[in-house]
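Trainee: Please find protein_9.csv (CSV, C-alpha atoms and all ligand atoms) on the next line:
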```csv
chain,number,residue,atom,x,y,z
A,1,MET,CA,-7.9,15.9,7.9
A,2,ASP,CA,-4.5,17.5,8.1
A,3,PHE,CA,-1.7,15.0,7.3
A,4,SER,CA,1.0,17.7,7.0
A,5,LYS,CA,2.9,16.5,10.0
A,6,ALA,CA,2.0,12.8,9.7
A,7,THR,CA,4.3,9.8,9.1
A,8,ILE,CA,2.4,7.7,6.7
A,9,LEU,CA,2.9,4.0,5.8
A,10,LEU,CA,1.4,3.5,2.3
A,11,THR,CA,1.4,0.1,0.7
A,12,GLY,CA,1.6,-0.1,-3.0
A,13,GLY,CA,3.2,3.3,-3.2
A,14,ASN,CA,5.5,2.4,-6.1
A,15,SER,CA,3.0,2.7,-8.9
A,16,GLY,CA,-0.5,3.8,-9.9
A,17,ILE,CA,-2.9,5.5,-7.5
A,18,GLY,CA,-0.6,4.7,-4.6
A,19,ARG,CA,2.4,6.5,-6.1
A,20,GLY,CA,0.3,9.5,-7.0
A,21,LEU,CA,-1.2,9.6,-3.5
A,22,ALA,CA,2.3,9.2,-1.9
A,23,GLU,CA,3.7,12.0,-3.9
A,24,ALA,CA,0.7,14.3,-3.3
A,25,LEU,CA,0.9,13.7,0.5
A,26,ALA,CA,4.7,14.2,0.5
A,27,GLN,CA,4.3,17.5,-1.3
A,28,ARG,CA,1.9,18.6,1.5
A,29,GLY,CA,4.5,17.9,4.2
A,30,SER,CA,3.9,14.3,5.2
A,31,ARG,CA,6.7,11.8,5.7
A,32,LEU,CA,6.1,8.8,3.5
A,33,ILE,CA,7.1,5.2,4.0
A,34,ILE,CA,6.0,3.3,0.9
A,35,THR,CA,6.1,-0.4,0.0
A,36,GLY,CA,5.9,-2.4,-3.2
A,37,ARG,CA,7.0,-5.7,-4.7
A,38,ASN,CA,8.6,-4.5,-7.8
A,39,GLU,CA,12.2,-3.3,-7.0
A,40,GLY,CA,12.5,-1.3,-10.2
A,41,THR,CA,9.4,0.9,-9.7
A,42,LEU,CA,10.2,1.1,-6.0
A,43,LYS,CA,13.7,2.5,-6.7
A,44,GLU,CA,12.3,4.8,-9.4
A,45,THR,CA,9.8,6.3,-7.0
A,46,LEU,CA,12.3,6.7,-4.2
A,47,ASP,CA,14.8,8.3,-6.6
A,48,ALA,CA,12.2,10.8,-7.8
A,49,ASN,CA,11.1,11.6,-4.3
A,50,PRO,CA,14.0,12.4,-1.9
A,51,GLY,CA,12.9,12.0,1.7
A,52,MET,CA,10.6,9.1,1.0
A,53,THR,CA,11.6,5.8,2.5
A,54,GLY,CA,10.7,2.5,0.8
A,55,TYR,CA,10.7,-1.2,1.5
A,56,ARG,CA,10.0,-4.3,-0.5
A,57,LEU,CA,7.0,-6.2,0.8
A,58,ASP,CA,4.6,-8.7,-0.6
A,59,VAL,CA,1.3,-8.1,1.3
A,60,SER,CA,0.0,-11.6,0.4
A,61,ASP,CA,2.7,-13.2,2.6
A,62,PRO,CA,1.5,-13.3,6.2
A,63,ALA,CA,5.0,-14.1,7.6
A,64,ALA,CA,6.5,-11.1,5.7
A,65,ILE,CA,3.7,-8.9,7.0
A,66,ARG,CA,4.5,-9.9,10.6
A,67,ASP,CA,8.2,-9.3,10.2
A,68,PHE,CA,7.6,-6.0,8.4
A,69,ALA,CA,5.2,-4.7,11.1
A,70,ALA,CA,7.7,-5.5,13.8
A,71,MET,CA,10.4,-3.6,11.9
A,72,ILE,CA,8.1,-0.6,11.4
A,73,ILE,CA,7.3,-0.5,15.1
A,74,ARG,CA,11.0,-0.7,15.9
A,75,GLN,CA,12.5,1.6,13.3
A,76,HIS,CA,9.6,4.0,12.6
A,77,PRO,CA,7.6,4.3,15.9
A,78,GLU,CA,6.4,7.7,14.8
A,79,THR,CA,4.2,6.2,12.1
A,80,ASN,CA,0.6,7.4,12.8
A,81,VAL,CA,-1.2,6.7,9.6
A,82,VAL,CA,-1.4,3.5,7.5
A,83,ILE,CA,-3.0,3.5,4.1
A,84,HIS,CA,-3.7,0.0,2.8
A,85,ASN,CA,-3.6,0.7,-0.9
A,86,ALA,CA,-1.7,-2.4,-2.4
A,87,GLY,CA,-4.1,-4.7,-4.1
A,88,ILE,CA,-5.3,-6.2,-7.3
A,89,MET,CA,-8.4,-6.0,-9.4
A,90,VAL,CA,-9.0,-9.3,-11.1
A,91,MET,CA,-11.0,-8.9,-14.3
A,92,GLU,CA,-12.9,-12.2,-14.7
A,93,LYS,CA,-16.3,-13.4,-15.8
A,94,ILE,CA,-18.2,-13.1,-12.5
A,95,ALA,CA,-21.0,-15.3,-13.6
A,96,ALA,CA,-18.6,-18.0,-14.5
A,97,ASP,CA,-16.9,-18.3,-11.1
A,98,PRO,CA,-17.8,-15.6,-8.5
A,99,VAL,CA,-16.3,-17.5,-5.6
A,100,LYS,CA,-12.8,-17.9,-7.2
A,101,ARG,CA,-12.7,-14.3,-8.2
A,102,SER,CA,-13.7,-13.0,-4.8
A,103,ARG,CA,-11.0,-15.2,-3.1
A,104,ARG,CA,-8.2,-13.9,-5.4
A,105,THR,CA,-9.2,-10.3,-5.0
A,106,ARG,CA,-9.3,-10.7,-1.2
A,107,SER,CA,-6.0,-12.6,-0.9
A,108,ILE,CA,-4.4,-9.4,0.3
A,109,PRO,CA,-4.6,-9.9,4.1
A,110,MET,CA,-3.3,-6.4,5.1
A,111,ARG,CA,-6.6,-4.9,3.8
A,112,PRO,CA,-9.0,-5.3,6.7
A,113,SER,CA,-12.0,-4.1,4.8
A,114,ALA,CA,-11.4,-6.7,2.1
A,115,TRP,CA,-12.7,-6.3,-1.4
A,116,SER,CA,-10.9,-3.8,-3.5
A,117,ARG,CA,-11.4,-0.7,-1.5
A,118,PRO,CA,-8.2,0.9,-0.1
A,119,THR,CA,-8.3,1.7,3.6
A,120,CYS,CA,-6.8,4.5,5.7
A,121,LEU,CA,-6.1,4.0,9.5
A,122,VAL,CA,-5.2,7.0,11.7
A,123,ARG,CA,-3.7,6.7,15.2
A,124,SER,CA,-5.1,9.5,17.3
A,125,GLY,CA,-3.2,11.2,20.2
B,201,LIG,N1,-7.9,1.7,-10.6
B,201,LIG,C1,-9.1,1.5,-10.3
B,201,LIG,O1,-10.1,1.7,-11.1
B,201,LIG,C2,-9.5,0.9,-9.0
B,201,LIG,C3,-10.8,0.7,-8.6
B,201,LIG,C4,-11.1,0.2,-7.4
B,201,LIG,C5,-10.1,-0.2,-6.5
B,201,LIG,N2,-8.8,0.0,-6.9
B,201,LIG,C6,-7.8,-0.4,-5.9
B,201,LIG,O2,-7.0,0.7,-5.7
B,201,LIG,C7,-5.6,0.3,-5.4
B,201,LIG,C8,-4.7,1.0,-6.4
B,201,LIG,O3,-5.1,0.7,-7.7
B,201,LIG,P1,-4.2,1.0,-9.0
B,201,LIG,O4,-5.1,1.2,-10.1
B,201,LIG,O5,-3.2,2.1,-8.6
B,201,LIG,O6,-3.5,-0.4,-9.1
B,201,LIG,P2,-2.0,-0.7,-9.7
B,201,LIG,O7,-1.6,0.4,-10.7
B,201,LIG,O8,-2.2,-2.1,-10.3
B,201,LIG,O9,-1.1,-0.7,-8.4
B,201,LIG,C9,-1.3,-1.7,-7.5
B,201,LIG,C10,-0.2,-1.5,-6.4
B,201,LIG,O10,-0.4,-2.5,-5.4
B,201,LIG,C11,0.8,-3.2,-5.3
B,201,LIG,N3,0.5,-4.6,-5.0
B,201,LIG,C12,-0.4,-5.4,-5.6
B,201,LIG,N4,-0.3,-6.7,-5.1
B,201,LIG,C13,0.6,-6.6,-4.1
B,201,LIG,C14,1.2,-7.5,-3.2
B,201,LIG,N5,0.7,-8.8,-3.2
B,201,LIG,N6,2.1,-7.1,-2.4
B,201,LIG,C15,2.6,-5.9,-2.4
B,201,LIG,N7,2.1,-4.9,-3.2
B,201,LIG,C16,1.2,-5.3,-4.1
B,201,LIG,C17,1.5,-3.0,-6.6
B,201,LIG,O11,2.9,-3.2,-6.4
B,201,LIG,P3,3.8,-4.0,-7.4
B,201,LIG,O12,3.7,-3.2,-8.7
B,201,LIG,O13,5.2,-3.9,-6.8
B,201,LIG,O14,3.3,-5.3,-7.5
B,201,LIG,C18,1.2,-1.6,-7.0
B,201,LIG,O15,2.0,-0.7,-6.3
B,201,LIG,C19,-5.6,-1.2,-5.6
B,201,LIG,O16,-5.8,-1.8,-4.3
B,201,LIG,C20,-6.9,-1.5,-6.4
B,201,LIG,O17,-7.4,-2.8,-6.2
B,201,LIG,C21,-8.5,0.5,-8.1
```
I need this file expressed as structure tokens, please.
Mentor:
Amino acid sequence: MDFSKATILLTGGNSGIGRGLAEALAQRGSRLIITGRNEGTLKETLDANPGMTGYRLDVSDPAAIRDFAAMIIRQHPETNVVIHNAGIMVMEKIAADPVKRSRRTRSIPMRPSAWSRPTCLVRSG
């Protein structure tokens, strides 16, 4: 898939795999809008990547997601790709309490496919 002219909203773009993916896509021509909770790493990523836009967002907060989505539709209507990358991997003893572990890992409501697998949504047309 050619993302060179895409405007991509990528959650958790301020560190780890998300930052690496955001930078790789930006280098290939995509316009990146990233989110993260940590203001320090968010600023550091934006400073290192002129042209990227960033917002602070906690994706475990449903009200914040609603407000953020409305803002994106208003201010960045050209957004045509969303990569749900933000998430946590909780290392726990599965046999000890599998239900609790599963609930914590899936407490990130922006990730429709749940579990710990990042998701990419593309708007066609
Ligand atoms: N690394 C692996 O082996 C592996 C394997 C399977 C799946 N994954 C998944 O791949 C994704 C990236 O992994 P990674 O290794 O790069 O993880 P990471 O270094 O821990 O980065 C996680 C990112 O998600 C953000 N994030 C976490 N909780 C958030 C929340 N409630 N609201 C907003 N942002 C939040 C973090 O932002 P802040 O720093 O600002 O909190 C950070 O940018 C994650 O979803 C992870 O579960 C990773």
Trainee: I'd like a table as JSON lines: residues in range 19-57 of chain A with an atom no more than 10 Å from range 7-13 of chain A, each row giving the shortest atom pair and its distance in Å to one decimal, only C-alpha atoms counted, sorted by chain and rising residue number.
Mentor:
```
{"residue": "A:Arg19", "atom": "CA", "partner": "A:Gly13", "partner_atom": "CA", "distance": 4.4}
{"residue": "A:Gly20", "atom": "CA", "partner": "A:Gly13", "partner_atom": "CA", "distance": 7.8}
{"residue": "A:Leu21", "atom": "CA", "partner": "A:Gly13", "partner_atom": "CA", "distance": 7.7}
{"residue": "A:Ala22", "atom": "CA", "partner": "A:Gly13", "partner_atom": "CA", "distance": 6.1}
{"residue": "A:Glu23", "atom": "CA", "partner": "A:Gly13", "partner_atom": "CA", "distance": 8.7}
{"residue": "A:Leu25", "atom": "CA", "partner": "A:Ile8", "partner_atom": "CA", "distance": 8.8}
{"residue": "A:Ala26", "atom": "CA", "partner": "A:Ile8", "partner_atom": "CA", "distance": 9.3}
{"residue": "A:Gly29", "atom": "CA", "partner": "A:Thr7", "partner_atom": "CA", "distance": 9.5}
{"residue": "A:Ser30", "atom": "CA", "partner": "A:Thr7", "partner_atom": "CA", "distance": 6.0}
{"residue": "A:Arg31", "atom": "CA", "partner": "A:Thr7", "partner_atom": "CA", "distance": 4.6}
{"residue": "A:Leu32", "atom": "CA", "partner": "A:Ile8", "partner_atom": "CA", "distance": 5.0}
{"residue": "A:Ile33", "atom": "CA", "partner": "A:Leu9", "partner_atom": "CA", "distance": 4.7}
{"residue": "A:Ile34", "atom": "CA", "partner": "A:Leu10", "partner_atom": "CA", "distance": 4.8}
{"residue": "A:Thr35", "atom": "CA", "partner": "A:Thr11", "partner_atom": "CA", "distance": 4.8}
{"residue": "A:Gly36", "atom": "CA", "partner": "A:Gly12", "partner_atom": "CA", "distance": 4.9}
{"residue": "A:Arg37", "atom": "CA", "partner": "A:Gly12", "partner_atom": "CA", "distance": 8.0}
{"residue": "A:Asn38", "atom": "CA", "partner": "A:Gly12", "partner_atom": "CA", "distance": 9.6}
{"residue": "A:Thr41", "atom": "CA", "partner": "A:Gly13", "partner_atom": "CA", "distance": 9.3}
{"residue": "A:Leu42", "atom": "CA", "partner": "A:Gly13", "partner_atom": "CA", "distance": 7.9}
{"residue": "A:Thr45", "atom": "CA", "partner": "A:Gly13", "partner_atom": "CA", "distance": 8.2}
{"residue": "A:Leu46", "atom": "CA", "partner": "A:Gly13", "partner_atom": "CA", "distance": 9.8}
{"residue": "A:Thr53", "atom": "CA", "partner": "A:Leu9", "partner_atom": "CA", "distance": 9.5}
{"residue": "A:Gly54", "atom": "CA", "partner": "A:Gly13", "partner_atom": "CA", "distance": 8.5}
{"residue": "A:Tyr55", "atom": "CA", "partner": "A:Thr11", "partner_atom": "CA", "distance": 9.4}
{"residue": "A:Arg56", "atom": "CA", "partner": "A:Gly12", "partner_atom": "CA", "distance": 9.7}
{"residue": "A:Leu57", "atom": "CA", "partner": "A:Thr11", "partner_atom": "CA", "distance": 8.4}
```
Trainee: With distances taken over all atoms listed in the file, which residue among A:Asp61, A:Asp2, A:Ser15, A:Ala69 lies nearest ligand LIG 201 (chain B)?
Mentor: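 Ranking A:Asp61, A:Asp2, A:Ser15, A:Ala69 by distance to ligand LIG 201 (chain B), first place goes to A:Ser15.
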Trainee: Using atom C14 of ligand LIG 201 (chain B) and CA of Ala86 in chain A as the two end points, give the distance in Å to one decimal.
Mentor: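 That distance, rounded to one decimal, is 5.9 Å.
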Trainee: Which is closest to ligand LIG 201 (chain B) among A:Met1, A:Ile73, A:Ala63, A:Ile17, if we use all atoms listed in the file?
Mentor: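 Selected residue with least distance to ligand LIG 201 (chain B): A:Ile17.
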Trainee: Record the distance separating atom C17 of ligand LIG 201 (chain B) and CA of Val59 in chain A, expressed in Å with one decimal.
Mentor: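 Distance reported for this atom pair: 9.4 Å.
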Trainee: Return the single residue from A:Val122, A:Ile65, A:Ala6, A:Met52 that is closest to ligand LIG 201 (chain B), with distances computed using only C-alpha atoms and all ligand atoms.
Mentor: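 So, comparing all the options, the nearest one is A:Ile65.
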Trainee: Nearest to Gln27 in chain A among A:Gly87, A:Gly51, A:Gly40, A:Pro77, with distances taken over only C-alpha atoms: which residue is it?
Mentor: A:Gly51
Trainee: Rounded to one decimal place, report the CA of Pro50 in chain A-atom C4 of ligand LIG 201 (chain B) distance in Å.
Mentor: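 CA of Pro50 in chain A sits 28.4 Å away from atom C4 of ligand LIG 201 (chain B).
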Trainee: Determine the nearest neighbour of ligand LIG 201 (chain B) from the options A:Asn85, A:Asn49, A:Asn80, A:Gln75, counting all atoms listed in the file.
Mentor: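 Under the stated criterion, the closest residue is A:Asn85.
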Trainee: Could you tell me which of A:Ala95, A:Val81, A:Ala70, A:Ala64 comes closest to ligand LIG 201 (chain B) if we count all atoms listed in the file?
Mentor: A:Ala64
